[in-house]
file structure36.txt (compact mmCIF, C-alpha atoms and all ligand atoms)
# COMPACT_ATOMS: atom_id res chain seq x y z
CA MET A 1 141.67 86.85 366.52
CA MET A 2 138.59 86.68 364.31
CA SER A 3 136.81 89.06 366.65
CA LEU A 4 139.65 91.58 366.14
CA ALA A 5 139.20 91.33 362.37
CA GLU A 6 135.46 91.85 362.79
CA LYS A 7 136.11 94.81 365.05
CA LEU A 8 138.43 96.30 362.42
CA TYR A 9 135.66 95.91 359.84
CA ARG A 10 133.09 97.58 362.12
CA GLU A 11 135.20 100.42 363.47
CA LYS A 12 137.59 101.00 360.53
CA THR A 13 140.50 101.23 362.96
CA LEU A 14 141.93 99.49 366.03
CA PRO A 15 144.12 100.45 368.97
CA PHE A 16 147.83 99.90 368.24
CA GLU A 17 148.23 96.58 370.10
CA GLU A 18 145.18 95.02 368.49
CA LEU A 19 146.08 96.17 365.01
CA LYS A 20 149.57 94.76 365.46
CA ILE A 21 148.08 91.32 366.09
CA LEU A 22 146.41 91.46 362.66
CA VAL A 23 149.64 92.70 361.08
CA GLU A 24 151.40 89.64 362.50
CA THR A 25 148.79 86.94 361.98
CA GLU A 26 149.27 84.16 359.46
CA ASP A 27 145.92 82.56 360.26
CA ASP A 28 144.33 81.57 356.94
CA GLY A 29 140.78 82.01 358.20
CA VAL A 30 141.46 85.55 359.39
CA ILE A 31 143.24 86.46 356.14
CA LEU A 32 140.34 85.07 354.11
CA TYR A 33 137.93 87.17 356.18
CA LEU A 34 140.02 90.32 355.72
CA ARG A 35 140.27 89.91 351.97
CA SER A 36 136.58 89.26 351.42
CA ARG A 37 135.63 92.28 353.53
CA ALA A 38 138.20 94.35 351.63
CA GLU A 39 136.79 93.28 348.27
CA GLU A 40 133.26 94.03 349.43
CA ILE A 41 134.24 97.52 350.63
CA ARG A 42 136.16 98.27 347.43
CA ASP A 43 133.14 97.21 345.35
CA GLU A 44 130.83 99.43 347.42
CA SER A 45 133.15 102.44 347.13
CA TYR A 46 134.21 102.22 343.50
CA GLY A 47 132.30 99.36 341.91
CA ARG A 48 134.14 96.46 340.31
CA ASN A 49 136.36 98.82 338.37
CA VAL A 50 140.09 98.80 337.90
CA PHE A 51 141.57 102.22 337.22
CA LEU A 52 144.65 102.41 335.07
CA ARG A 53 147.44 104.98 335.27
CA ALA A 54 150.12 105.12 332.63
CA LEU A 55 153.54 105.42 334.22
CA ILE A 56 156.32 107.33 332.45
CA GLU A 57 159.70 107.04 334.15
CA PHE A 58 161.20 110.12 332.55
CA THR A 59 164.53 110.46 334.37
CA ASN A 60 166.65 108.17 336.51
CA TRP A 61 169.08 110.89 337.55
CA CYS A 62 168.73 111.43 341.30
CA LYS A 63 170.45 113.58 343.89
CA CYS A 64 169.19 111.39 346.74
CA ASP A 65 171.00 108.42 348.16
CA CYS A 66 168.23 106.22 349.58
CA LEU A 67 169.96 103.05 350.70
CA TYR A 68 167.40 100.73 349.08
CA CYS A 69 167.14 102.36 345.69
CA GLY A 70 169.01 101.37 342.52
CA ILE A 71 168.98 104.90 341.06
CA ARG A 72 170.60 106.43 344.18
CA CYS A 73 173.26 108.98 343.28
CA SER A 74 176.17 106.89 344.49
CA ASN A 75 175.34 103.96 342.23
CA ARG A 76 178.02 104.28 339.54
CA HIS A 77 176.59 101.29 337.64
CA ALA A 78 173.26 102.90 336.87
CA GLU A 79 172.99 103.89 333.20
CA ARG A 80 171.49 107.35 333.43
CA TYR A 81 168.93 108.80 331.03
CA ARG A 82 166.47 111.64 330.65
CA LEU A 83 163.54 111.62 328.24
CA SER A 84 163.19 114.70 326.06
CA PRO A 85 159.89 116.62 326.12
CA ASP A 86 159.10 115.20 322.66
CA VAL A 87 159.58 111.62 323.81
CA ILE A 88 157.47 112.27 326.91
CA LEU A 89 154.72 113.76 324.74
CA SER A 90 154.69 110.83 322.35
CA ALA A 91 154.53 108.39 325.27
CA VAL A 92 151.49 110.30 326.55
CA GLU A 93 149.95 110.14 323.08
CA GLU A 94 150.50 106.41 322.90
CA GLY A 95 148.95 106.02 326.36
CA TYR A 96 145.99 108.16 325.37
CA LYS A 97 145.35 105.98 322.33
CA LEU A 98 145.46 102.89 324.53
CA GLY A 99 142.68 104.42 326.66
CA PHE A 100 144.64 105.88 329.58
CA ARG A 101 143.23 109.10 331.05
CA THR A 102 145.87 109.55 333.74
CA VAL A 103 149.61 109.77 333.26
CA VAL A 104 152.14 109.57 336.06
CA LEU A 105 155.43 111.36 335.47
CA GLN A 106 157.88 109.68 337.82
CA GLY A 107 161.56 110.22 338.22
CA GLY A 108 164.50 110.57 340.52
CA GLU A 109 165.07 113.92 342.23
CA ASP A 110 166.77 115.32 339.15
CA PRO A 111 167.93 118.95 339.52
CA TYR A 112 167.89 119.30 335.71
CA PHE A 113 164.09 119.27 335.83
CA THR A 114 163.58 122.73 337.24
CA ASP A 115 160.10 124.23 337.35
CA GLU A 116 161.03 126.18 334.21
CA ARG A 117 161.64 122.90 332.36
CA LEU A 118 158.69 120.98 333.84
CA ILE A 119 155.96 123.59 333.45
CA PRO A 120 155.98 123.66 329.62
CA ILE A 121 155.83 119.85 329.57
CA ILE A 122 152.85 119.82 331.93
CA GLU A 123 151.10 122.60 329.98
CA GLU A 124 151.70 120.87 326.68
CA ILE A 125 150.23 117.60 327.96
CA ARG A 126 147.24 119.46 329.34
CA SER A 127 146.53 121.34 326.15
CA SER A 128 147.00 118.34 323.85
CA PHE A 129 145.30 115.52 325.74
CA ASP A 130 142.30 115.08 327.99
CA VAL A 131 144.24 113.46 330.83
CA ARG A 132 144.92 113.99 334.51
CA ILE A 133 148.60 114.48 335.36
CA THR A 134 150.20 112.89 338.40
CA LEU A 135 153.74 113.80 339.44
CA SER A 136 156.15 111.66 341.47
CA LEU A 137 159.36 113.66 341.70
CA GLY A 138 160.25 113.44 345.36
CA GLU A 139 160.67 116.39 347.70
CA ARG A 140 160.55 119.92 346.30
CA SER A 141 159.85 123.31 347.85
CA ARG A 142 156.29 124.36 348.58
CA GLU A 143 156.65 127.10 345.97
CA SER A 144 157.66 124.55 343.36
CA TYR A 145 154.73 122.28 344.22
CA GLU A 146 152.44 125.33 343.86
CA ARG A 147 153.83 126.27 340.45
CA LEU A 148 153.49 122.72 339.14
CA TYR A 149 149.94 122.53 340.49
CA ASN A 150 149.03 125.79 338.81
CA ALA A 151 150.51 124.50 335.56
CA GLY A 152 147.99 121.66 335.63
CA ALA A 153 149.33 118.74 337.69
CA GLY A 154 146.61 117.73 340.13
CA ARG A 155 148.04 114.67 341.82
CA TYR A 156 151.30 113.77 343.53
CA LEU A 157 152.76 110.49 344.76
CA LEU A 158 155.34 110.66 347.52
CA ARG A 159 155.73 107.64 349.72
CA HIS A 160 156.42 108.45 353.36
CA GLU A 161 158.55 105.24 353.41
CA SER A 162 158.33 104.85 357.21
CA ILE A 163 156.57 106.95 359.84
CA THR A 164 159.01 105.68 362.50
CA ALA A 165 161.81 108.26 362.57
CA SER A 166 164.51 105.79 363.67
CA HIS A 167 163.52 103.37 360.89
CA PHE A 168 163.31 106.14 358.27
CA ALA A 169 166.83 107.14 359.32
CA ARG A 170 168.18 103.65 358.66
CA LEU A 171 166.79 103.71 355.11
CA HIS A 172 168.09 107.16 354.18
CA PRO A 173 171.24 109.25 354.58
CA PRO A 174 171.12 111.91 357.33
CA ARG A 175 170.27 114.81 355.03
CA GLN A 176 166.93 113.18 354.15
CA THR A 177 164.65 113.37 357.17
CA LEU A 178 161.21 112.12 358.09
CA ASP A 179 160.27 115.69 359.07
CA GLY A 180 161.15 116.91 355.59
CA ARG A 181 159.07 114.14 354.04
CA ILE A 182 156.03 114.83 356.21
CA LYS A 183 156.26 118.56 355.58
CA ALA A 184 156.28 117.87 351.83
CA LEU A 185 153.22 115.62 352.14
CA LYS A 186 151.35 118.26 354.16
CA ASP A 187 152.30 121.01 351.69
CA LEU A 188 151.01 118.92 348.79
CA LYS A 189 147.72 118.28 350.51
CA GLU A 190 147.22 121.92 351.53
CA ILE A 191 147.90 123.09 347.98
CA GLY A 192 145.07 120.85 346.80
CA TYR A 193 146.79 117.90 345.17
CA GLN A 194 145.28 114.43 345.43
CA VAL A 195 148.13 112.89 347.40
CA GLY A 196 149.50 109.38 347.62
CA CYS A 197 151.80 108.17 350.40
CA GLY A 198 152.99 104.65 351.17
CA PHE A 199 155.83 102.39 352.18
CA MET A 200 157.76 99.27 351.26
CA VAL A 201 156.82 96.01 352.95
CA GLY A 202 159.74 94.13 354.43
CA SER A 203 162.34 96.86 354.03
CA PRO A 204 165.50 96.22 356.09
CA PHE A 205 165.02 96.69 359.87
CA GLN A 206 161.24 97.10 359.54
CA THR A 207 159.29 95.60 362.46
CA SER A 208 155.60 94.87 362.86
CA ASP A 209 155.47 97.87 365.22
CA ASP A 210 156.72 100.05 362.37
CA ILE A 211 154.10 98.68 359.97
CA THR A 212 151.34 99.17 362.54
CA ARG A 213 152.39 102.80 362.98
CA ASP A 214 152.40 103.22 359.18
CA LEU A 215 148.81 101.92 359.02
CA LEU A 216 147.67 104.31 361.75
CA PHE A 217 149.49 107.20 360.08
CA ILE A 218 147.71 106.49 356.79
CA LYS A 219 144.37 106.47 358.59
CA GLU A 220 145.11 109.82 360.20
CA PHE A 221 146.66 111.55 357.18
CA THR A 222 143.75 110.45 354.91
CA PRO A 223 145.65 110.42 351.62
CA HIS A 224 143.78 109.87 348.34
CA MET A 225 146.00 106.99 347.32
CA VAL A 226 148.42 104.59 349.03
CA GLY A 227 151.22 102.70 347.32
CA ILE A 228 152.70 99.68 349.04
CA GLY A 229 154.89 96.97 347.56
CA PRO A 230 157.49 94.52 348.82
CA PHE A 231 161.08 95.71 349.24
CA ILE A 232 163.24 94.08 346.56
CA ALA A 233 167.02 94.04 346.91
CA GLN A 234 169.05 95.81 344.23
CA GLN A 235 172.58 94.50 343.75
CA ASP A 236 174.33 97.88 343.55
CA THR A 237 172.94 99.21 346.83
CA PRO A 238 174.02 98.79 350.46
CA PHE A 239 170.93 96.58 350.92
CA ALA A 240 171.97 94.15 348.16
CA SER A 241 172.02 91.15 350.47
CA TYR A 242 168.83 91.80 352.45
CA PRO A 243 165.88 89.47 351.83
CA ASN A 244 162.95 90.63 349.72
CA GLY A 245 159.68 91.58 351.36
CA SER A 246 156.88 89.04 351.43
CA ALA A 247 154.13 89.01 348.83
CA SER A 248 151.62 87.44 351.17
CA LEU A 249 152.22 90.08 353.86
CA THR A 250 151.82 92.78 351.19
CA LEU A 251 148.51 91.25 350.09
CA LYS A 252 147.19 91.05 353.65
CA LEU A 253 148.21 94.66 354.29
CA LEU A 254 146.34 95.74 351.14
CA SER A 255 143.20 94.28 352.70
CA ILE A 256 143.77 95.94 356.07
CA ILE A 257 144.44 99.29 354.41
CA ARG A 258 141.29 98.94 352.28
CA ILE A 259 139.13 98.11 355.31
CA MET A 260 140.52 101.07 357.26
CA ASN A 261 140.17 103.48 354.30
CA PRO A 262 137.15 102.55 352.15
CA PHE A 263 137.56 105.30 349.54
CA LEU A 264 141.28 105.01 348.96
CA LEU A 265 142.76 104.41 345.52
CA LEU A 266 144.93 101.40 346.14
CA PRO A 267 147.34 100.15 343.47
CA ALA A 268 148.53 96.60 343.09
CA THR A 269 152.14 97.56 342.33
CA THR A 270 154.80 96.40 339.90
CA ALA A 271 156.97 95.41 342.88
CA LEU A 272 154.25 92.98 343.94
CA ALA A 273 154.08 91.62 340.39
CA THR A 274 157.86 91.26 340.43
CA VAL A 275 157.98 89.00 343.50
CA ARG A 276 154.83 87.14 342.58
CA GLY A 277 153.76 86.41 338.98
CA LYS A 278 150.50 88.21 338.15
CA GLY A 279 150.67 89.85 341.59
CA GLU A 280 148.84 92.88 340.24
CA ILE A 281 145.85 90.65 339.41
CA GLU A 282 146.03 88.90 342.75
CA GLY A 283 146.13 92.27 344.53
CA LEU A 284 142.65 93.06 343.18
CA GLY A 285 141.33 90.14 345.20
CA TYR A 286 142.61 91.85 348.35
CA GLY A 287 140.93 95.20 347.78
CA ALA A 288 143.28 96.98 345.37
CA ASN A 289 141.67 98.90 342.49
CA VAL A 290 144.48 100.56 340.53
CA ILE A 291 147.10 99.16 338.16
CA MET A 292 149.86 101.35 336.76
CA PRO A 293 151.09 100.01 333.42
CA ASN A 294 154.43 101.30 332.24
CA ILE A 295 154.58 103.33 329.03
CA THR A 296 158.22 104.34 329.31
CA PRO A 297 160.03 103.54 326.03
CA LYS A 298 161.49 100.06 326.42
CA GLU A 299 165.16 101.00 326.26
CA GLU A 300 164.84 103.39 329.19
CA ARG A 301 162.38 101.20 331.08
CA ARG A 302 165.18 98.68 331.50
CA LYS A 303 167.42 101.38 333.00
CA TYR A 304 164.93 102.52 335.63
CA ARG A 305 166.24 99.76 337.86
CA ILE A 306 165.15 100.86 341.30
CA TYR A 307 165.28 97.16 342.22
CA ASP A 308 166.50 93.95 340.55
CA ASP A 309 164.46 91.90 338.04
CA LYS A 310 161.85 94.64 337.88
CA ALA A 311 158.99 93.34 335.76
CA TYR A 312 158.79 95.24 332.50
CA GLY A 313 157.35 93.07 329.77
CA GLY A 314 154.36 91.47 331.47
CA LEU A 315 150.89 92.66 332.37
CA GLU A 316 152.34 95.86 333.84
CA ALA A 317 153.54 96.90 330.35
CA ALA A 318 151.20 99.29 328.58
CA GLU A 319 151.56 97.48 325.26
CA ASN A 320 149.93 94.48 326.92
CA VAL A 321 146.87 96.38 328.06
CA GLU A 322 144.56 94.19 325.98
CA ARG A 323 145.79 91.11 327.79
CA LEU A 324 145.40 92.93 331.08
CA LYS A 325 141.80 93.76 330.20
CA TRP A 326 141.15 90.12 329.42
CA GLU A 327 142.74 88.95 332.68
CA VAL A 328 140.72 91.32 334.84
CA GLY A 329 137.58 90.81 332.74
CA ARG A 330 137.43 87.13 333.49
CA LEU A 331 137.47 87.97 337.21
CA GLY A 332 134.46 90.22 336.70
CA TYR A 333 136.23 93.58 336.71
CA SER A 334 135.99 96.23 334.07
CA ILE A 335 138.48 98.90 333.08
CA PRO A 336 136.65 102.16 332.44
CA VAL A 337 138.14 104.87 330.22
CA ASP A 338 138.10 107.24 333.16
CA TYR A 339 140.24 109.75 335.06
CA GLY A 340 139.92 107.52 338.13
CA ASP A 341 139.52 110.44 340.52
CA SER A 342 139.74 109.67 344.21
CA ARG A 343 136.51 109.72 346.20
CA VAL A 344 138.29 110.53 349.44
CA VAL A 345 136.92 113.76 350.86
CA ASN A 346 138.75 115.80 353.49
N1 LIG A 401 161.87 109.91 343.35
C1 LIG A 401 160.48 109.56 343.43
C2 LIG A 401 160.19 108.20 342.87
C3 LIG A 401 160.94 107.11 343.56
S1 LIG A 401 160.65 105.48 343.04
C4 LIG A 401 160.04 109.68 344.87
O1 LIG A 401 160.87 109.91 345.74
O2 LIG A 401 158.87 109.56 345.14
C5 LIG A 401 159.09 105.17 343.79
C6 LIG A 401 159.11 104.23 344.98
O3 LIG A 401 159.78 103.03 344.68
C7 LIG A 401 159.83 104.74 346.19
O4 LIG A 401 159.04 105.61 346.92
C8 LIG A 401 160.15 103.45 346.97
O5 LIG A 401 159.19 103.21 348.00
C9 LIG A 401 160.08 102.38 345.90
N2 LIG A 401 161.37 101.67 345.82
C10 LIG A 401 162.59 102.19 345.65
N3 LIG A 401 163.53 101.24 345.75
C11 LIG A 401 162.88 100.07 345.98
C12 LIG A 401 163.30 98.73 346.19
N4 LIG A 401 164.59 98.40 346.21
N5 LIG A 401 162.35 97.80 346.39
C13 LIG A 401 161.05 98.12 346.37
N6 LIG A 401 160.59 99.37 346.20
C14 LIG A 401 161.50 100.35 346.01
call {"tool": "encode", "arguments": {"input": "structure36.txt", "output": "structure tokens"}}
result
Amino acid sequence: MMSLAEKLYREKTLPFEELKILVETEDDGVILYLRSRAEEIRDESYGRNVFLRALIEFTNWCKCDCLYCGIRCSNRHAERYRLSPDVILSAVEEGYKLGFRTVVLQGGEDPYFTDERLIPIIEEIRSSFDVRITLSLGERSRESYERLYNAGAGRYLLRHESITASHFARLHPPRQTLDGRIKALKDLKEIGYQVGCGFMVGSPFQTSDDITRDLLFIKEFTPHMVGIGPFIAQQDTPFASYPNGSASLTLKLLSIIRIMNPFLLLPATTALATVRGKGEIEGLGYGANVIMPNITPKEERRKYRIYDDKAYGGLEAAENVERLKWEVGRLGYSIPVDYGDSRVVN
């Protein structure tokens, strides 16, 4: 087992069957080895820096019906909201003052936000603040992605959710397909965005074969960023009674992903912090190097309930950034005022 971990470190990948053994192992010695190699690689690639992105959840209207997600269109209990351009702009301003140089505009797939409505918002942010803009708006046409890119958005987060078609199909209604998702990811990359993909850990029906395929897909696709976090049940979804994903498996997978992809930007996610107190700090010890504090106004933050008990007043909250700096500082990390550009080249 240890020799497999060492081989992963040397070769930055493994054949499917060998990688699956590491995905499944609970051996403490092997996990300790993986995390110290992951930390070492992260430090070599990016230094002991933690990059912050300010997350603005600007709409929870969604035309999709993902079975795991609390803002799915058939959830009649979701309290829907949209932030106005003014509110979005003042959130960006607040983030800028707190030292953030990247903002992430995330939302459901909300047909109200046409290109015509989004472009002025993107242009206004660009002309008023020295920040990078990341979008996370789900699947759109290639033409739309191009227009938003030309308006000034340079990064896009779109998790692939599962590279195993049969598993993807159990998480989504039939009109959402893995092919559509992969086409969107390829379009984004070809247009020139820095792209993030990713998946939930422990989503219903997920097997270690599925996870192993996800890891190999990430290696091959060479995204700039990868978001993983445990699945967390949401009471108003068909998956309400499924168990949450495991924090310790998520942490181990962060290390494996870091070892396989030295230059990746790898967030320790809010979902991880939700299942495990201070999970975002712990994630850094497994090779993560990004934290995405939330700067959505508090009233709406509560309504962006993609899963239950979502953390929203702790270290992941932008207003607590000073405490976050202190927490990471005592572990020897610093938080640069920086765009946090990816160093992945492809
Ligand atoms: N509409 C955007 C943003 C979706 S929310 C998009 O499609 O990209 C961002 C991510 O949250 C999703 O990609 C999904 O992986 C994750 N997520 C949704 N529901 C979740 C749940 N119940 N538990 C954990 N993560 C969840």
call {"tool": "residues_near_point", "arguments": {"input": "structure36.txt", "point": "(161.0, 106.7, 342.4)", "cutoff": "10 Å", "atoms": "all atoms listed in the file", "output": "PyMOL selection string"}}
result
chain A and resi 57+59-60+62+69-72+106-109+136-138+157-159+304-306
call {"tool": "closest_residue", "arguments": {"input": "structure36.txt", "among": "A:Leu8, A:Cys64, A:Leu32, A:Ile335", "to": "Arg258 (chain A)", "atoms": "all atoms listed in the file"}}
result
A:Leu8
call {"tool": "residues_near_point", "arguments": {"input": "structure36.txt", "point": "(155.2, 108.2, 333.9)", "cutoff": "7 Å", "atoms": "only C-alpha atoms", "output": "list in words"}}
result
Ala54, Leu55, Ile56, Glu57, Phe58, Val103, Val104, Leu105, Gln106, Ile295 and Thr296 of chain A
call {"tool": "write_last_selection", "arguments": {"input": "structure36.txt", "atoms": "C-alpha atoms", "output": "PDB file, in the coordinates of the input"}}
result
ATOM      1  CA  ALA A  54     150.120 105.120 332.630  1.00  0.00           C
ATOM      2  CA  LEU A  55     153.540 105.420 334.220  1.00  0.00           C
ATOM      3  CA  ILE A  56     156.320 107.330 332.450  1.00  0.00           C
ATOM      4  CA  GLU A  57     159.700 107.040 334.150  1.00  0.00           C
ATOM      5  CA  PHE A  58     161.200 110.120 332.550  1.00  0.00           C
ATOM      6  CA  VAL A 103     149.610 109.770 333.260  1.00  0.00           C
ATOM      7  CA  VAL A 104     152.140 109.570 336.060  1.00  0.00           C
ATOM      8  CA  LEU A 105     155.430 111.360 335.470  1.00  0.00           C
ATOM      9  CA  GLN A 106     157.880 109.680 337.820  1.00  0.00           C
ATOM     10  CA  ILE A 295     154.580 103.330 329.030  1.00  0.00           C
ATOM     11  CA  THR A 296     158.220 104.340 329.310  1.00  0.00           C
TER      12      THR A 296
END
call {"tool": "closest_residue", "arguments": {"input": "structure36.txt", "among": "A:Pro173, A:Lys183, A:Tyr145, A:Pro243", "to": "Ser74 (chain A)", "atoms": "only C-alpha atoms"}}
result
A:Pro173
call {"tool": "closest_residue", "arguments": {"input": "structure36.txt", "among": "A:Ser241, A:Thr222, A:Asn49, A:Asn294", "to": "Val328 (chain A)", "atoms": "all atoms listed in the file"}}
result
A:Asn49
call {"tool": "residues_around", "arguments": {"input": "structure36.txt", "residues": "Leu284 (chain A)", "least_positions_apart": "4", "cutoff": "12 Å", "atoms": "all atoms listed in the file", "output": "PyMOL selection string"}}
result
chain A and resi 35-36+38-40+42-43+48-51+251-252+254-255+258+265-269+272-273+278-280+288-291+327-329+331-334
call {"tool": "decode", "arguments": {"input": "structure36.txt", "residues": "region 217-226 of chain A", "atoms": "all heavy atoms", "output": "mmCIF file, in the first residue's frame"}}
result
data_model
loop_
_atom_site.group_PDB
_atom_site.id
_atom_site.type_symbol
_atom_site.label_atom_id
_atom_site.label_comp_id
_atom_site.auth_asym_id
_atom_site.auth_seq_id
_atom_site.Cartn_x
_atom_site.Cartn_y
_atom_site.Cartn_z
ATOM 1 N N PHE A 217 -10.234 11.506 -14.705
ATOM 2 C CA PHE A 217 -10.778 12.534 -15.604
ATOM 3 C C PHE A 217 -10.133 13.899 -15.313
ATOM 4 O O PHE A 217 -9.729 14.624 -16.220
ATOM 5 C CB PHE A 217 -12.298 12.629 -15.468
ATOM 6 C CG PHE A 217 -12.864 13.883 -16.083
ATOM 7 C CD1 PHE A 217 -12.913 14.033 -17.470
ATOM 8 C CD2 PHE A 217 -13.315 14.936 -15.294
ATOM 9 C CE1 PHE A 217 -13.399 15.206 -18.044
ATOM 10 C CE2 PHE A 217 -13.794 16.108 -15.859
ATOM 11 C CZ PHE A 217 -13.844 16.244 -17.237
ATOM 12 N N ILE A 218 -10.031 14.242 -14.037
ATOM 13 C CA ILE A 218 -9.438 15.531 -13.656
ATOM 14 C C ILE A 218 -8.008 15.616 -14.189
ATOM 15 O O ILE A 218 -7.593 16.626 -14.751
ATOM 16 C CB ILE A 218 -9.479 15.719 -12.123
ATOM 17 C CG1 ILE A 218 -10.927 15.938 -11.669
ATOM 18 C CG2 ILE A 218 -8.578 16.868 -11.675
ATOM 19 C CD1 ILE A 218 -11.135 15.827 -10.163
ATOM 20 N N LYS A 219 -7.275 14.529 -14.018
ATOM 21 C CA LYS A 219 -5.887 14.494 -14.496
ATOM 22 C C LYS A 219 -5.828 14.765 -16.008
ATOM 23 O O LYS A 219 -4.986 15.519 -16.487
ATOM 24 C CB LYS A 219 -5.303 13.115 -14.168
ATOM 25 C CG LYS A 219 -3.900 12.882 -14.652
ATOM 26 C CD LYS A 219 -2.899 13.520 -13.726
ATOM 27 C CE LYS A 219 -1.486 13.391 -14.285
ATOM 28 N NZ LYS A 219 -0.546 14.204 -13.520
ATOM 29 N N GLU A 220 -6.749 14.152 -16.730
ATOM 30 C CA GLU A 220 -6.724 14.263 -18.187
ATOM 31 C C GLU A 220 -7.236 15.629 -18.663
ATOM 32 O O GLU A 220 -6.668 16.243 -19.567
ATOM 33 C CB GLU A 220 -7.595 13.137 -18.757
ATOM 34 C CG GLU A 220 -7.702 13.109 -20.255
ATOM 35 C CD GLU A 220 -8.961 12.356 -20.683
ATOM 36 O OE1 GLU A 220 -9.231 11.265 -20.138
ATOM 37 O OE2 GLU A 220 -9.680 12.881 -21.560
ATOM 38 N N PHE A 221 -8.267 16.118 -18.023
ATOM 39 C CA PHE A 221 -8.877 17.393 -18.461
ATOM 40 C C PHE A 221 -7.984 18.593 -18.113
ATOM 41 O O PHE A 221 -8.080 19.642 -18.741
ATOM 42 C CB PHE A 221 -10.269 17.529 -17.830
ATOM 43 C CG PHE A 221 -11.031 18.752 -18.261
ATOM 44 C CD1 PHE A 221 -11.404 18.927 -19.591
ATOM 45 C CD2 PHE A 221 -11.369 19.745 -17.343
ATOM 46 C CE1 PHE A 221 -12.105 20.065 -20.000
ATOM 47 C CE2 PHE A 221 -12.063 20.882 -17.740
ATOM 48 C CZ PHE A 221 -12.429 21.051 -19.073
ATOM 49 N N THR A 222 -7.098 18.418 -17.140
ATOM 50 C CA THR A 222 -6.241 19.508 -16.627
ATOM 51 C C THR A 222 -6.970 20.846 -16.438
ATOM 52 O O THR A 222 -6.673 21.833 -17.102
ATOM 53 C CB THR A 222 -4.971 19.758 -17.487
ATOM 54 O OG1 THR A 222 -5.357 20.029 -18.827
ATOM 55 C CG2 THR A 222 -4.026 18.591 -17.432
ATOM 56 N N PRO A 223 -7.939 20.856 -15.510
ATOM 57 C CA PRO A 223 -8.592 22.117 -15.173
ATOM 58 C C PRO A 223 -7.622 22.994 -14.385
ATOM 59 O O PRO A 223 -6.553 22.539 -13.971
ATOM 60 C CB PRO A 223 -9.754 21.672 -14.281
ATOM 61 C CG PRO A 223 -9.244 20.431 -13.619
ATOM 62 C CD PRO A 223 -8.357 19.756 -14.641
ATOM 63 N N HIS A 224 -8.012 24.267 -14.183
ATOM 64 C CA HIS A 224 -7.185 25.176 -13.385
ATOM 65 C C HIS A 224 -7.522 25.070 -11.911
ATOM 66 O O HIS A 224 -6.747 25.452 -11.052
ATOM 67 C CB HIS A 224 -7.403 26.612 -13.862
ATOM 68 C CG HIS A 224 -7.090 26.777 -15.319
ATOM 69 N ND1 HIS A 224 -8.005 26.507 -16.310
ATOM 70 C CD2 HIS A 224 -5.944 27.124 -15.939
ATOM 71 C CE1 HIS A 224 -7.428 26.710 -17.489
ATOM 72 N NE2 HIS A 224 -6.190 27.074 -17.293
ATOM 73 N N MET A 225 -8.736 24.588 -11.652
ATOM 74 C CA MET A 225 -9.215 24.542 -10.273
ATOM 75 C C MET A 225 -10.124 23.320 -10.139
ATOM 76 O O MET A 225 -10.742 22.896 -11.116
ATOM 77 C CB MET A 225 -10.000 25.836 -10.007
ATOM 78 C CG MET A 225 -10.561 25.979 -8.634
ATOM 79 S SD MET A 225 -10.645 27.747 -8.227
ATOM 80 C CE MET A 225 -11.766 27.680 -6.861
ATOM 81 N N VAL A 226 -10.181 22.742 -8.948
ATOM 82 C CA VAL A 226 -11.093 21.613 -8.709
ATOM 83 C C VAL A 226 -11.801 21.815 -7.378
ATOM 84 O O VAL A 226 -11.151 22.036 -6.355
ATOM 85 C CB VAL A 226 -10.346 20.262 -8.690
ATOM 86 C CG1 VAL A 226 -11.210 19.161 -8.082
ATOM 87 C CG2 VAL A 226 -9.950 19.848 -10.113
#
